[in-house]
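Structure data follow from final24.txt (compact mmCIF, C-alpha atoms and all ligand atoms):
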```txt
# COMPACT_ATOMS: atom_id res chain seq x y z
CA MET A 1 132.39 90.54 107.79
CA THR A 2 132.74 91.34 104.08
CA VAL A 3 132.83 87.67 103.16
CA ARG A 4 129.93 86.93 105.50
CA LEU A 5 127.70 89.46 103.70
CA GLN A 6 128.73 88.13 100.29
CA ASP A 7 127.98 84.55 101.36
CA MET A 8 124.69 85.49 102.96
CA LEU A 9 123.41 87.56 100.01
CA GLY A 10 124.79 85.69 96.98
CA GLY A 11 122.04 84.12 94.85
CA VAL A 12 118.43 84.77 93.96
CA TRP A 13 115.79 86.09 96.37
CA LYS A 14 112.03 86.34 95.88
CA GLY A 15 109.29 87.83 97.98
CA GLU A 16 106.63 90.43 98.47
CA GLY A 17 106.39 94.00 99.58
CA ARG A 18 103.98 96.83 100.05
CA GLY A 19 104.30 100.46 99.10
CA SER A 20 102.75 103.72 100.14
CA TYR A 21 103.28 107.47 99.92
CA PRO A 22 100.88 110.38 100.51
CA THR A 23 100.75 111.07 96.75
CA VAL A 24 100.05 107.51 95.57
CA GLN A 25 97.56 104.70 96.25
CA ASP A 26 98.87 101.93 98.51
CA PHE A 27 100.13 98.99 96.46
CA LYS A 28 101.51 95.46 96.84
CA TYR A 29 104.27 93.97 94.73
CA THR A 30 106.31 90.86 94.13
CA GLU A 31 110.09 91.16 93.80
CA MET A 32 112.97 89.14 92.48
CA THR A 33 116.52 90.27 93.27
CA SER A 34 119.75 88.48 92.44
CA PHE A 35 123.08 89.27 94.12
CA ASN A 36 126.43 88.22 92.72
CA HIS A 37 130.06 88.61 93.73
CA VAL A 38 133.36 87.65 92.18
CA GLY A 39 135.64 87.82 95.21
CA LYS A 40 136.19 91.58 94.99
CA PRO A 41 134.90 93.87 97.77
CA TRP A 42 131.55 94.57 96.18
CA ILE A 43 128.26 92.80 95.56
CA GLY A 44 126.33 93.45 92.35
CA PHE A 45 122.57 93.20 92.29
CA SER A 46 119.67 93.38 89.89
CA GLN A 47 116.06 93.77 90.99
CA SER A 48 112.70 93.69 89.25
CA THR A 49 109.19 94.02 90.65
CA LYS A 50 105.63 93.39 89.49
CA SER A 51 102.25 94.51 90.73
CA LYS A 52 100.87 91.76 92.96
CA GLU A 53 97.39 92.48 91.70
CA SER A 54 97.88 92.71 87.92
CA GLU A 55 101.40 91.27 87.51
CA ALA A 56 102.31 94.33 85.43
CA PRO A 57 106.01 95.23 85.69
CA LEU A 58 106.68 98.04 88.19
CA HIS A 59 110.06 99.25 89.40
CA SER A 60 113.46 97.91 88.31
CA GLU A 61 116.93 98.81 89.58
CA SER A 62 120.46 97.51 89.60
CA GLY A 63 123.65 98.47 91.36
CA PHE A 64 126.53 97.63 93.62
CA ILE A 65 127.07 97.43 97.37
CA ARG A 66 130.68 98.48 98.03
CA LEU A 67 132.34 96.96 101.10
CA LEU A 68 134.83 99.21 102.85
CA PRO A 69 136.96 98.84 106.00
CA GLU A 70 135.44 98.86 109.50
CA GLY A 71 131.87 98.10 108.44
CA ASN A 72 131.57 101.13 106.19
CA ILE A 73 129.53 100.52 103.07
CA GLU A 74 128.44 102.43 99.99
CA LEU A 75 125.65 101.70 97.57
CA ALA A 76 125.36 102.88 93.96
CA VAL A 77 121.97 102.24 92.31
CA ALA A 78 120.62 103.04 88.84
CA HIS A 79 116.86 102.97 88.31
CA ALA A 80 115.00 102.30 85.07
CA PHE A 81 112.92 105.43 85.75
CA GLY A 82 115.89 107.77 85.31
CA ILE A 83 117.23 108.20 88.85
CA VAL A 84 120.71 107.36 90.12
CA GLU A 85 121.45 107.15 93.85
CA ILE A 86 124.66 107.06 95.90
CA TYR A 87 124.40 106.02 99.55
CA THR A 88 126.86 105.84 102.41
CA GLY A 89 126.29 103.76 105.51
CA LEU A 90 127.31 101.15 108.00
CA MET A 91 126.93 97.42 108.38
CA GLU A 92 126.37 96.06 111.89
CA GLU A 93 127.19 92.45 112.59
CA LEU A 94 124.88 90.67 115.05
CA GLU A 95 124.95 87.04 116.08
CA ASP A 96 122.44 85.71 113.57
CA HIS A 97 122.03 88.57 111.12
CA LEU A 98 123.52 91.69 109.59
CA ILE A 99 121.96 95.14 109.50
CA LEU A 100 122.79 97.63 106.74
CA LYS A 101 121.84 101.27 107.35
CA LEU A 102 122.26 103.55 104.36
CA ASN A 103 121.45 107.21 103.73
CA SER A 104 121.64 108.98 100.39
CA ALA A 105 124.68 111.14 99.70
CA ALA A 106 123.34 112.05 96.25
CA VAL A 107 120.13 111.44 94.30
CA VAL A 108 120.26 112.62 90.69
CA SER A 109 117.31 112.65 88.28
CA SER A 110 117.49 112.70 84.49
CA PRO A 111 115.67 115.71 82.94
CA SER A 112 112.49 113.68 82.40
CA ALA A 113 112.48 111.83 85.75
CA LYS A 114 110.72 112.67 89.04
CA VAL A 115 112.69 114.64 91.63
CA VAL A 116 113.65 112.81 94.83
CA GLU A 117 115.35 114.80 97.59
CA SER A 118 116.60 112.11 99.97
CA THR A 119 116.49 108.35 100.33
CA GLU A 120 117.25 105.82 103.06
CA ARG A 121 117.46 102.03 103.14
CA LEU A 122 117.40 99.76 106.18
CA ILE A 123 118.23 96.17 105.29
CA GLU A 124 118.31 93.11 107.57
CA VAL A 125 119.99 90.00 106.23
CA TYR A 126 119.42 86.61 107.89
CA PRO A 127 120.71 83.34 106.41
CA ASP A 128 117.52 82.80 104.36
CA LEU A 129 115.53 85.97 104.96
CA LEU A 130 116.05 89.53 103.74
CA ARG A 131 113.92 92.40 105.00
CA TYR A 132 114.11 96.02 103.94
CA ARG A 133 112.47 99.38 104.39
CA PHE A 134 112.91 102.27 101.97
CA LEU A 135 112.17 105.89 102.86
CA MET A 136 112.28 108.99 100.68
CA ALA A 137 111.47 112.68 100.54
CA ILE A 138 110.13 114.36 97.41
CA PRO A 139 109.46 118.10 97.01
CA GLY A 140 106.74 119.11 99.48
CA TYR A 141 106.72 115.78 101.34
CA PRO A 142 109.02 114.99 104.28
CA HIS A 143 111.25 111.91 104.43
CA GLN A 144 108.93 108.93 105.03
CA LEU A 145 108.26 105.28 104.26
CA HIS A 146 107.69 104.28 100.61
CA LEU A 147 108.38 100.51 100.72
CA GLU A 148 108.77 97.56 103.02
CA ALA A 149 109.39 94.00 101.85
CA GLU A 150 110.44 90.54 102.88
CA LEU A 151 112.33 88.21 100.55
CA LYS A 152 113.34 84.56 100.90
CA ARG A 153 116.12 82.70 99.17
CA ALA A 154 114.62 81.25 95.95
C1 LIG B 201 110.40 97.92 94.96
C2 LIG B 201 110.67 99.09 94.35
C3 LIG B 201 109.60 100.09 94.03
C4 LIG B 201 108.31 99.91 93.64
C5 LIG B 201 107.59 98.59 93.43
C6 LIG B 201 107.73 101.21 93.45
C7 LIG B 201 106.43 101.44 93.06
C8 LIG B 201 105.85 102.68 92.92
C9 LIG B 201 104.49 102.90 92.50
C10 LIG B 201 103.49 101.80 92.13
C11 LIG B 201 104.28 104.23 92.49
C12 LIG B 201 102.99 104.97 92.14
C13 LIG B 201 102.70 105.02 90.70
C14 LIG B 201 103.82 105.60 89.91
O1 LIG B 201 104.10 106.81 90.08
O2 LIG B 201 104.44 104.84 89.16
C15 LIG B 201 105.53 104.86 92.88
C16 LIG B 201 105.74 106.21 92.92
C17 LIG B 201 106.97 106.78 93.15
N1 LIG B 201 108.12 106.15 93.49
FE1 LIG B 201 108.36 104.16 93.75
N2 LIG B 201 108.66 102.18 93.74
C18 LIG B 201 109.82 101.53 94.07
C19 LIG B 201 111.02 102.12 94.42
C20 LIG B 201 111.26 103.46 94.38
C21 LIG B 201 112.54 104.06 94.62
C22 LIG B 201 113.81 103.29 94.99
C23 LIG B 201 112.38 105.40 94.46
C24 LIG B 201 113.39 106.52 94.57
C25 LIG B 201 114.69 106.39 94.41
C26 LIG B 201 110.99 105.63 94.13
C27 LIG B 201 110.43 106.86 93.86
C28 LIG B 201 109.12 107.07 93.56
C29 LIG B 201 108.58 108.38 93.27
C30 LIG B 201 109.35 109.69 93.26
C31 LIG B 201 107.23 108.20 93.03
C32 LIG B 201 106.20 109.27 92.66
C33 LIG B 201 105.74 110.05 93.82
C34 LIG B 201 104.97 111.24 93.31
O3 LIG B 201 105.51 111.99 92.51
O4 LIG B 201 103.82 111.41 93.71
N3 LIG B 201 110.35 104.43 94.10
N4 LIG B 201 106.45 103.89 93.15
```

Would you give me this structure, written as structure tokens?
Amino acid sequence: MTVRLQDMLGGVWKGEGRGSYPTVQDFKYTEMTSFNHVGKPWIGFSQSTKSKESEAPLHSESGFIRLLPEGNIELAVAHAFGIVEIYTGLMEELEDHLILKLNSAAVVSSPSAKVVESTERLIEVYPDLLRYRFLMAIPGYPHQLHLEAELKRA
């Protein structure tokens, strides 16, 4: 299963997403994410996004998916805007795709960054299609959708 995820993700993906939250205006973005592995039980990734409307750079993050026994996974992500996240979760193997379900174990903000209380990622990986949803809670706002996107192998 570990090798299957590495084979399915490895390479460059491009696509589009949309974002929302009660405190911000809805937005659309383009994304490029590249995944790499070197035969060890982790997959590194680096993501960057741009506003679909103005093409101005938006969010950027990079990190590692750590592959553990029995479908357990962890995710460590560092964001350009001063937040670092650690997730724990599970990978489910279905006939034609994999589903990764991850919930934050820790979200830490630098002194100048926004505070985020919890995060969650749901990722579906098909041979040439990657879909994800990202949910978060910030102070005063319950855990809810911030992003959903669909990427294709570039
Ligand atoms: C594809 C990735 C992402 C994109 C394109 C994106 C885009 C945006 C945009 C355009 C805004 C509104 C304007 C602004 O405050 O800059 C925003 C707000 C915000 N985003 Fe994201 N975001 C992404 C991922 C994330 C992630 C992973 C987190 C948390 C770990 C996050 C946390 C926040 C927070 C806390 C706010 C401000 C909410 C508030 O204080 O009202 N975003 N995001």

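If one restricts the calculation to only C-alpha atoms and all ligand atoms, the set of residues situated within 6 Å of ligand LIG 201 (chain B) consists of Thr23, Val24, Tyr29, Thr49, Leu58, His59, Lys114 and Val116 of chain A.
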
Under the rule that all atoms listed in the file are counted, which of A:Leu9, A:Leu68, A:Ala80, A:Ala56 is the nearest residue to Ile43 in chain A?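 Using all atoms listed in the file, the shortest distance to Ile43 in chain A belongs to A:Leu9.
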
re CA of Glu70 in chain A and CA of Leu102 in chain A: distance 14.9 Å

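When all atoms listed in the file are used to measure the gap to Gln6 in chain A, the shortest distance among A:Arg66, A:Lys52, A:Lys28, A:Arg121 belongs to A:Arg66.
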
May I have the residues at most 12 Å from (124.7, 104.8, 101.8) in the file's coordinates, counting all atoms listed in the file, as a compact mmCIF listing (two decimals) with C-alpha atoms, in the coordinates of the input?
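Below is the file point_4.txt, written as the result:
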```txt
# COMPACT_ATOMS: atom_id res chain seq x y z
CA PHE A 64 126.53 97.63 93.62
CA ILE A 65 127.07 97.43 97.37
CA ARG A 66 130.68 98.48 98.03
CA LEU A 67 132.34 96.96 101.10
CA LEU A 68 134.83 99.21 102.85
CA GLY A 71 131.87 98.10 108.44
CA ASN A 72 131.57 101.13 106.19
CA ILE A 73 129.53 100.52 103.07
CA GLU A 74 128.44 102.43 99.99
CA LEU A 75 125.65 101.70 97.57
CA ALA A 76 125.36 102.88 93.96
CA VAL A 77 121.97 102.24 92.31
CA GLU A 85 121.45 107.15 93.85
CA ILE A 86 124.66 107.06 95.90
CA TYR A 87 124.40 106.02 99.55
CA THR A 88 126.86 105.84 102.41
CA GLY A 89 126.29 103.76 105.51
CA LEU A 90 127.31 101.15 108.00
CA MET A 91 126.93 97.42 108.38
CA LEU A 100 122.79 97.63 106.74
CA LYS A 101 121.84 101.27 107.35
CA LEU A 102 122.26 103.55 104.36
CA ASN A 103 121.45 107.21 103.73
CA SER A 104 121.64 108.98 100.39
CA ALA A 105 124.68 111.14 99.70
CA ALA A 106 123.34 112.05 96.25
CA VAL A 107 120.13 111.44 94.30
CA SER A 118 116.60 112.11 99.97
CA THR A 119 116.49 108.35 100.33
CA GLU A 120 117.25 105.82 103.06
CA ARG A 121 117.46 102.03 103.14
CA LEU A 122 117.40 99.76 106.18
CA ILE A 123 118.23 96.17 105.29
```

Local residues around (120.6, 93.5, 95.2), at most 8 Å away, using all atoms listed in the file, as a ChimeraX atom specification: /A:33-35,43-47,62-65

Provide an axis-aligned box for all listed atoms of range 28-34 of chain A, padding each side by 3 Å; report its centre and its edge lengths in Å to one decimal, as JSON.
```
{"center_x": 110.6, "center_y": 92.0, "center_z": 94.6, "size_x": 24.2, "size_y": 13.0, "size_z": 10.4}
```

inquiry  = Neighbouring residues of Asp26 in chain A were defined as those with any atom within 12 Å, considering all atoms listed in the file; residues of the same chain fewer than 4 positions away were excluded. Please report them as a ChimeraX atom specification.
reply    = /A:17-22,51-53,145-148

From the list A:Ala113, A:Leu129, A:Leu98, A:Met136, the nearest residue to Ile83 in chain A using all atoms listed in the file is A:Ala113

note - CA of His37 in chain A and CA of Asp7 in chain A are separated by 8.9 Å

To one decimal place in Å, what is the distance between CA of Val115 in chain A and CA of Glu61 in chain A?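 For CA of Val115 in chain A relative to CA of Glu61 in chain A, the distance reads 16.5 Å.
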
Check the smallest atom-to-atom distance from each of A:Asp96, A:Leu5, A:Leu130, A:Leu135 to Leu151 in chain A using only C-alpha atoms, then report the winner.
->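 Distance minimum relative to Leu151 in chain A lands on A:Leu130.
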
Nearest-residue call for Val12 in chain A, choices A:Glu55, A:Glu95, A:Asp128, A:Glu117, using all atoms listed in the file: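 Using all atoms listed in the file, Val12 in chain A sits closest to A:Asp128.
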
Of A:Val108, A:Ala154, A:Leu94, A:Ile99, the one nearest to Arg133 in chain A when counting only C-alpha atoms is A:Ile99
